[in-house]
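Worksheet: the structure to be examined is printed underneath.
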Amino acid sequence: MINRIRVLRAEHDWSQAEVADRLGVARQTVVALEAGKYAPSLPLAFKISKLFGKPVEEIFDPESAT
Amino acid sequence: MKSSNPTAIANRRYLVEMALCMVAYIAVLVPAIWLLDRGLTGPLRFVVAAAPVVPVVFVFLAVLRYFGRTDEFERRMLLESLGLAGVITALLAATYGFLENAGLPHLSAWFTWAAFMGSWLIGRLIVSRYYGT
């Protein structure tokens, strides 16, 4: 699923490891999320939304395939 | 400083539990072989021979505990790699079973154990490559 995590992360000047720690996931999970290779569960999607202060639909493109 | 990230904690605990399982495995295997070599007989011989499987059960319990502690993506990769390992092992076992009909020597049940462990590693590499991690 296409998303803006990489862009939002760059805006906050956070590394993948920092985002991983803030979300409580492994760095490889952030790698797969950013690459659009993995669509997160609803709880993780809402955590990401809260972390970046943006609604879920502004981070994830619902039109894109998984 | 140690990370408080739950997945990092899960990794550390998994490594510690696996190390303990390996120590327990050696601690059971060595005396079991020693007893069998000294000609232990009767039903106890079978109990002693099978005893090293107990720490192996704990290895899988450690994997199960890791599964419960790690994050959702690692959980998915673990399940997918185990699924691939099951399919590859079944195909290898069936293929070799058919080849035995053609005259290849009968293999020990250890063949499936080794095939599963090897396939699990291959499955993990395939899954990691697929997700680009």
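Identifiers in the structure tokens: chain A, B, ... in order shown; residue index from 1 per chain; ligand index from 1 in order shown.
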
Return the neighbours of chain B among the residues of chain A, cut-off 10 Å, counting only C-alpha atoms, as a PyMOL selection string. chain A and resi 20-33+35-41+44

Requested write-out: N, CA, C and O atoms of the selected residues, as a tab-separated table (two decimals), in the first residue's frame:
```tsv
chain	number	residue	atom	x	y	z
A	20	ALA	N	10.89	3.48	14.29
A	20	ALA	CA	10.62	2.13	14.78
A	20	ALA	C	10.46	2.14	16.30
A	20	ALA	O	9.53	1.54	16.84
A	21	ASP	N	11.36	2.83	17.00
A	21	ASP	CA	11.30	2.89	18.47
A	21	ASP	C	10.03	3.61	18.93
A	21	ASP	O	9.40	3.19	19.91
A	22	ARG	N	9.67	4.67	18.25
A	22	ARG	CA	8.46	5.42	18.63
A	22	ARG	C	7.20	4.60	18.41
A	22	ARG	O	6.20	4.77	19.11
A	23	LEU	N	7.24	3.71	17.40
A	23	LEU	CA	6.07	2.86	17.11
A	23	LEU	C	6.11	1.54	17.87
A	23	LEU	O	5.12	0.80	17.91
A	24	GLY	N	7.29	1.22	18.42
A	24	GLY	CA	7.45	-0.05	19.14
A	24	GLY	C	7.52	-1.24	18.19
A	24	GLY	O	7.05	-2.33	18.52
A	25	VAL	N	8.09	-0.99	16.99
A	25	VAL	CA	8.26	-2.09	16.03
A	25	VAL	C	9.74	-2.19	15.64
A	25	VAL	O	10.54	-1.35	16.03
A	26	ALA	N	10.07	-3.21	14.86
A	26	ALA	CA	11.45	-3.38	14.41
A	26	ALA	C	11.73	-2.43	13.24
A	26	ALA	O	10.80	-2.03	12.53
A	27	ARG	N	13.01	-2.11	13.03
A	27	ARG	CA	13.36	-1.21	11.92
A	27	ARG	C	12.95	-1.80	10.58
A	27	ARG	O	12.50	-1.09	9.68
A	28	GLN	N	13.07	-3.14	10.46
A	28	GLN	CA	12.72	-3.78	9.19
A	28	GLN	C	11.22	-3.59	8.87
A	28	GLN	O	10.83	-3.59	7.71
A	29	THR	N	10.41	-3.41	9.93
A	29	THR	CA	8.97	-3.17	9.72
A	29	THR	C	8.77	-1.80	9.07
A	29	THR	O	7.96	-1.65	8.16
A	30	VAL	N	9.55	-0.81	9.54
A	30	VAL	CA	9.48	0.53	8.95
A	30	VAL	C	9.96	0.48	7.50
A	30	VAL	O	9.36	1.11	6.62
A	31	VAL	N	11.01	-0.30	7.25
A	31	VAL	CA	11.54	-0.46	5.88
A	31	VAL	C	10.44	-0.99	4.96
A	31	VAL	O	10.19	-0.45	3.88
A	32	ALA	N	9.76	-2.07	5.39
A	32	ALA	CA	8.72	-2.70	4.58
A	32	ALA	C	7.51	-1.77	4.40
A	32	ALA	O	6.91	-1.72	3.33
A	33	LEU	N	7.18	-1.02	5.45
A	33	LEU	CA	6.06	-0.07	5.38
A	33	LEU	C	6.37	1.02	4.35
A	33	LEU	O	5.55	1.31	3.48
A	35	ALA	N	8.40	0.99	1.91
A	35	ALA	CA	8.50	0.45	0.55
A	35	ALA	C	7.12	0.08	-0.01
A	35	ALA	O	7.00	-0.30	-1.17
A	36	GLY	N	6.09	0.19	0.84
A	36	GLY	CA	4.75	-0.17	0.41
A	36	GLY	C	4.57	-1.67	0.24
A	36	GLY	O	3.63	-2.14	-0.39
A	37	LYS	N	5.49	-2.44	0.84
A	37	LYS	CA	5.43	-3.91	0.71
A	37	LYS	C	4.53	-4.53	1.77
A	37	LYS	O	4.17	-5.69	1.68
A	38	TYR	N	4.27	-3.75	2.82
A	38	TYR	CA	3.47	-4.29	3.92
A	38	TYR	C	2.40	-3.29	4.33
A	38	TYR	O	2.71	-2.12	4.61
A	39	ALA	N	1.15	-3.74	4.34
A	39	ALA	CA	0.05	-2.89	4.80
A	39	ALA	C	-0.16	-3.16	6.28
A	39	ALA	O	-0.40	-4.31	6.67
A	40	PRO	N	-0.05	-2.14	7.13
A	40	PRO	CA	-0.14	-2.38	8.58
A	40	PRO	C	-1.56	-2.73	9.03
A	40	PRO	O	-2.53	-2.46	8.32
A	41	SER	N	-1.65	-3.29	10.23
A	41	SER	CA	-2.95	-3.55	10.85
A	41	SER	C	-3.59	-2.19	11.20
A	41	SER	O	-2.88	-1.17	11.23
A	44	LEU	N	-1.78	-0.46	14.18
A	44	LEU	CA	-0.48	0.15	13.82
A	44	LEU	C	-0.70	1.37	12.93
A	44	LEU	O	0.00	2.38	13.08
```

Secondary structure check, alpha helix (DSSP H) residues of chain B, as JSON, numbers by chain: {"B": [6, 7, 8, 9, 10, 11, 12, 13, 14, 15, 16, 17, 18, 19, 20, 21, 22, 23, 24, 25, 26, 27, 28, 29, 30, 31, 32, 33, 34, 35, 36, 37, 43, 44, 45, 46, 47, 48, 49, 50, 53, 54, 55, 56, 57, 58, 59, 60, 61, 62, 63, 64, 65, 66, 67, 68, 69, 72, 73, 74, 75, 76, 77, 78, 79, 80, 81, 82, 83, 84, 85, 86, 87, 88, 89, 90, 91, 92, 93, 94, 95, 96, 97, 98, 99, 100, 101, 110, 111, 112, 113, 114, 115, 116, 117, 118, 119, 120, 121, 122, 123, 124, 125, 126, 127, 128, 129, 130, 131]}

So which one's closest to B:Leu36, B:Ala49, B:Cys21, B:Met117, B:Val63? Using only C-alpha atoms, please.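 Among B:Ala49, B:Cys21, B:Met117, B:Val63, it is B:Ala49 that comes nearest to B:Leu36.
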
Report as a PyMOL selection string all protein, DNA and RNA residues lying within 7 Å of stretch 87-103 of chain B, evaluated on only C-alpha atoms, omitting residues in the same chain fewer than 5 positions from it. chain B and resi 112+115-116+119

Keeping only C-alpha atoms, write the selected residues to a file as a CSV table (one decimal), in the first residue's frame.
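Listing of result.csv after writing:
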```csv
chain,number,residue,atom,x,y,z
B,112,THR,CA,12.7,-34.6,7.4
B,115,ALA,CA,14.9,-30.7,5.5
B,116,PHE,CA,12.5,-28.7,7.6
B,119,SER,CA,13.7,-25.1,4.3
```

Atomic distance atom CA of A:Ser49 - atom CA of A:Glu18, expressed in Å with one decimal: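 Result for atom CA of A:Ser49 versus atom CA of A:Glu18: 15.6 Å, one decimal.
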
Using Å and a single decimal, report how far atom CA of A:Ile59 sits from atom CA of A:Ile2. 8.7 Å

Atom-to-atom span, atom CA of B:Leu61 and atom CA of B:Trp110, Å: 20.6 Å

For B:Ile126, work out the shell of residues within 12 Å, counting only C-alpha atoms and skipping chain neighbours fewer than 3 positions away, then give it as a ChimeraX atom specification. /B:77-78,80-85,119-123,129-133

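Near B:Arg45, within 9 Å and counting only C-alpha atoms, sit Leu35, Leu36, Gly39, Leu40 and Ala50 of chain B; same-chain residues fewer than 5 positions away were not included.
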
Give me, as an NGL selection string, all polymer residues having an atom no more than 12 Å from A:Pro55, counting only C-alpha atoms and skipping those fewer than 6 positions away in the same chain. :A and (4 or 45-49 or 61)
